[in-house]
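Q: Questions regarding the structure given below will be posed in turn.
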Amino acid sequence: VVWHLGQGLRQALLHAQFHPGAAVVAHGLQFTGRGLLARHVRHQGGQGRHAVGRRGRRGFFCCGQGAGVAQQLAAAVNAAAGEPALIALGMDGFHHPRAVLAALPDCDKQATVAFVDVLATVATPRTFPQLIEAMVQGSPRVIAGVAWALTSSRGYPPNLLLDALNTPGVPKSALLDVINAHRARLSVRELLTAAYGQEGNEKAALFKIVGEVADEAAIPELIGRLQGKDTIGRLHILNILARFNRPEVQRALQAQLGDANKMLRAAALGALAR
């Protein structure tokens, strides 16, 4: 299968992902899931046909080896993306995201879009830890690319995002943006449990998401949480419950007026006044 790179880079890379043995050939370089094989692409007769002939020794890079090879991958795709170069899909495709992650820092805008699409397709429960590790270890460009891919993908259970908040060194702001994009796939209980495990801005951000997704079905869960010991969490829940004009909510808010904590009493009074 031959693709015009400027028109079908993303389709070519995605095709390579799903077809065992697929490879991407561009500007004399062939990229496979196991690494990179330098080859020479010969154009014949000006008809757009091509043959692939070997040039030099085969040199593979695997699982993070060969940063220079990753730069070659990015450079080849960057260069080809601006002209009617060809991509040929052969045998042996991407089996893990590491090669693409390694190339992201050197990609231009168009190539980044293509690689993000590839990452979105390989975002699965199996590869999810690698993507989170890339957010921990990667440059701001890699973090943004992975977050974009995770936002676009539906190939993994969203509760993994909440678990990832506890990963040391993870950029929580970027991860919270991804969680917000997937909020419709998360239950109020899952979000509340995650919120109680966070502090400061992260806790506030998760409770804000709870407020956006909570409906009347979530009222019993929210009222039950008012009996907890987390004062900040109770303040957030009082603010969320203020949206619902229901008798059980009014009773729960009135019960908080007798709490020993002055902030909670004030929050309950303010919620009742809305």
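How things are named: the first chain in the structure tokens is A, the next is B, and so on; residues count from 1 in each chain; ligands count from 1 in the order shown.
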Do you know which residues are at most 10 Å from A:Ala217 counting only C-alpha atoms, after dropping those on the same chain fewer than 4 positions away, and could you put them as a list of chain:residue names?

A: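 With the cut-off at 10 Å, the set is A:Val188, A:Glu221, A:Leu222.
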
Q: So that each row is one residue of stretch 155-230 of chain A with an atom at most 7 Å from stretch 123-135 of chain A, can you give its shortest atom pair and the distance in Å to one decimal, using only C-alpha atoms, rows by chain and rising number, as JSON lines?

A:
{"residue": "A:Gly155", "atom": "CA", "partner": "A:Thr124", "partner_atom": "CA", "distance": 5.2}
{"residue": "A:Tyr156", "atom": "CA", "partner": "A:Thr124", "partner_atom": "CA", "distance": 4.7}
{"residue": "A:Val170", "atom": "CA", "partner": "A:Met135", "partner_atom": "CA", "distance": 6.2}
{"residue": "A:Pro171", "atom": "CA", "partner": "A:Met135", "partner_atom": "CA", "distance": 6.8}

Q: Report, in Å to a single decimal, how far apart atom CA of A:Gly197 and atom CA of A:Asn159 are.

A: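 Calculated distance between atom CA of A:Asn159 and atom CA of A:Gly197 is 13.9 Å.
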
Q: Got a sec: who's within 10 Å of stretch 253-262 of chain A, counting only C-alpha atoms, leaving out chain neighbours fewer than 6 positions off, as JSON, numbers by chain?

A: {"A": [223, 226, 227, 231, 234, 238, 241, 242, 247, 268, 269, 270, 271, 272]}

Q: Mind writing the picked residues with N, CA, C and O atoms as an mmCIF file, in the first residue's frame?

A:
data_model
loop_
_atom_site.group_PDB
_atom_site.id
_atom_site.type_symbol
_atom_site.label_atom_id
_atom_site.label_comp_id
_atom_site.auth_asym_id
_atom_site.auth_seq_id
_atom_site.Cartn_x
_atom_site.Cartn_y
_atom_site.Cartn_z
ATOM 1 N N ILE A 223 -24.846 13.250 50.082
ATOM 2 C CA ILE A 223 -25.312 13.461 51.457
ATOM 3 C C ILE A 223 -24.563 12.547 52.417
ATOM 4 O O ILE A 223 -24.175 12.957 53.522
ATOM 5 N N LEU A 226 -21.305 13.846 53.744
ATOM 6 C CA LEU A 226 -21.313 14.951 54.701
ATOM 7 C C LEU A 226 -20.999 14.482 56.114
ATOM 8 O O LEU A 226 -20.726 15.310 56.996
ATOM 9 N N GLN A 227 -21.030 13.183 56.340
ATOM 10 C CA GLN A 227 -20.730 12.654 57.671
ATOM 11 C C GLN A 227 -19.237 12.396 57.864
ATOM 12 O O GLN A 227 -18.821 11.954 58.929
ATOM 13 N N THR A 231 -12.932 18.151 56.314
ATOM 14 C CA THR A 231 -13.663 19.425 56.316
ATOM 15 C C THR A 231 -13.699 20.051 54.928
ATOM 16 O O THR A 231 -14.752 20.546 54.495
ATOM 17 N N ARG A 234 -16.155 18.251 52.774
ATOM 18 C CA ARG A 234 -17.547 18.574 53.141
ATOM 19 C C ARG A 234 -17.943 19.952 52.617
ATOM 20 O O ARG A 234 -19.082 20.156 52.175
ATOM 21 N N LEU A 238 -21.108 20.558 50.163
ATOM 22 C CA LEU A 238 -22.184 21.504 50.464
ATOM 23 C C LEU A 238 -22.428 22.442 49.285
ATOM 24 O O LEU A 238 -23.580 22.760 48.954
ATOM 25 N N LEU A 241 -24.284 20.389 46.628
ATOM 26 C CA LEU A 241 -25.678 20.095 46.990
ATOM 27 C C LEU A 241 -26.578 21.320 46.868
ATOM 28 O O LEU A 241 -27.795 21.193 46.674
ATOM 29 N N ALA A 242 -25.990 22.503 46.960
ATOM 30 C CA ALA A 242 -26.796 23.726 46.865
ATOM 31 C C ALA A 242 -27.521 23.833 45.527
ATOM 32 O O ALA A 242 -28.497 24.582 45.406
ATOM 33 N N PRO A 247 -36.182 18.060 49.016
ATOM 34 C CA PRO A 247 -36.398 18.026 50.473
ATOM 35 C C PRO A 247 -35.263 17.364 51.241
ATOM 36 O O PRO A 247 -34.851 17.858 52.308
ATOM 37 N N ALA A 268 -23.189 25.863 54.931
ATOM 38 C CA ALA A 268 -24.551 25.298 54.902
ATOM 39 C C ALA A 268 -25.592 26.409 54.830
ATOM 40 O O ALA A 268 -26.587 26.298 54.089
ATOM 41 N N LEU A 269 -25.375 27.479 55.564
ATOM 42 C CA LEU A 269 -26.315 28.597 55.539
ATOM 43 C C LEU A 269 -26.345 29.235 54.158
ATOM 44 O O LEU A 269 -27.427 29.571 53.629
ATOM 45 N N GLY A 270 -25.158 29.397 53.559
ATOM 46 C CA GLY A 270 -25.109 29.962 52.220
ATOM 47 C C GLY A 270 -25.794 29.063 51.192
ATOM 48 O O GLY A 270 -26.455 29.552 50.270
ATOM 49 N N ALA A 271 -25.641 27.748 51.341
ATOM 50 C CA ALA A 271 -26.277 26.812 50.415
ATOM 51 C C ALA A 271 -27.786 26.859 50.541
ATOM 52 O O ALA A 271 -28.522 26.808 49.548
ATOM 53 N N LEU A 272 -28.289 26.982 51.772
ATOM 54 C CA LEU A 272 -29.730 27.068 51.983
ATOM 55 C C LEU A 272 -30.317 28.357 51.394
ATOM 56 O O LEU A 272 -31.472 28.397 50.970
#

Q: What lies within 10 Å of A:Asp230 using only C-alpha atoms, ignoring chain neighbours under 5 positions off, as number ranges by chain?

A: A: 196, 225, 235

Q: Would you mind reading off the distance between atom CA of A:Glu202 and atom CA of A:Gly138, one decimal, in Å?

A: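 Calculated distance between atom CA of A:Glu202 and atom CA of A:Gly138 is 21.0 Å.
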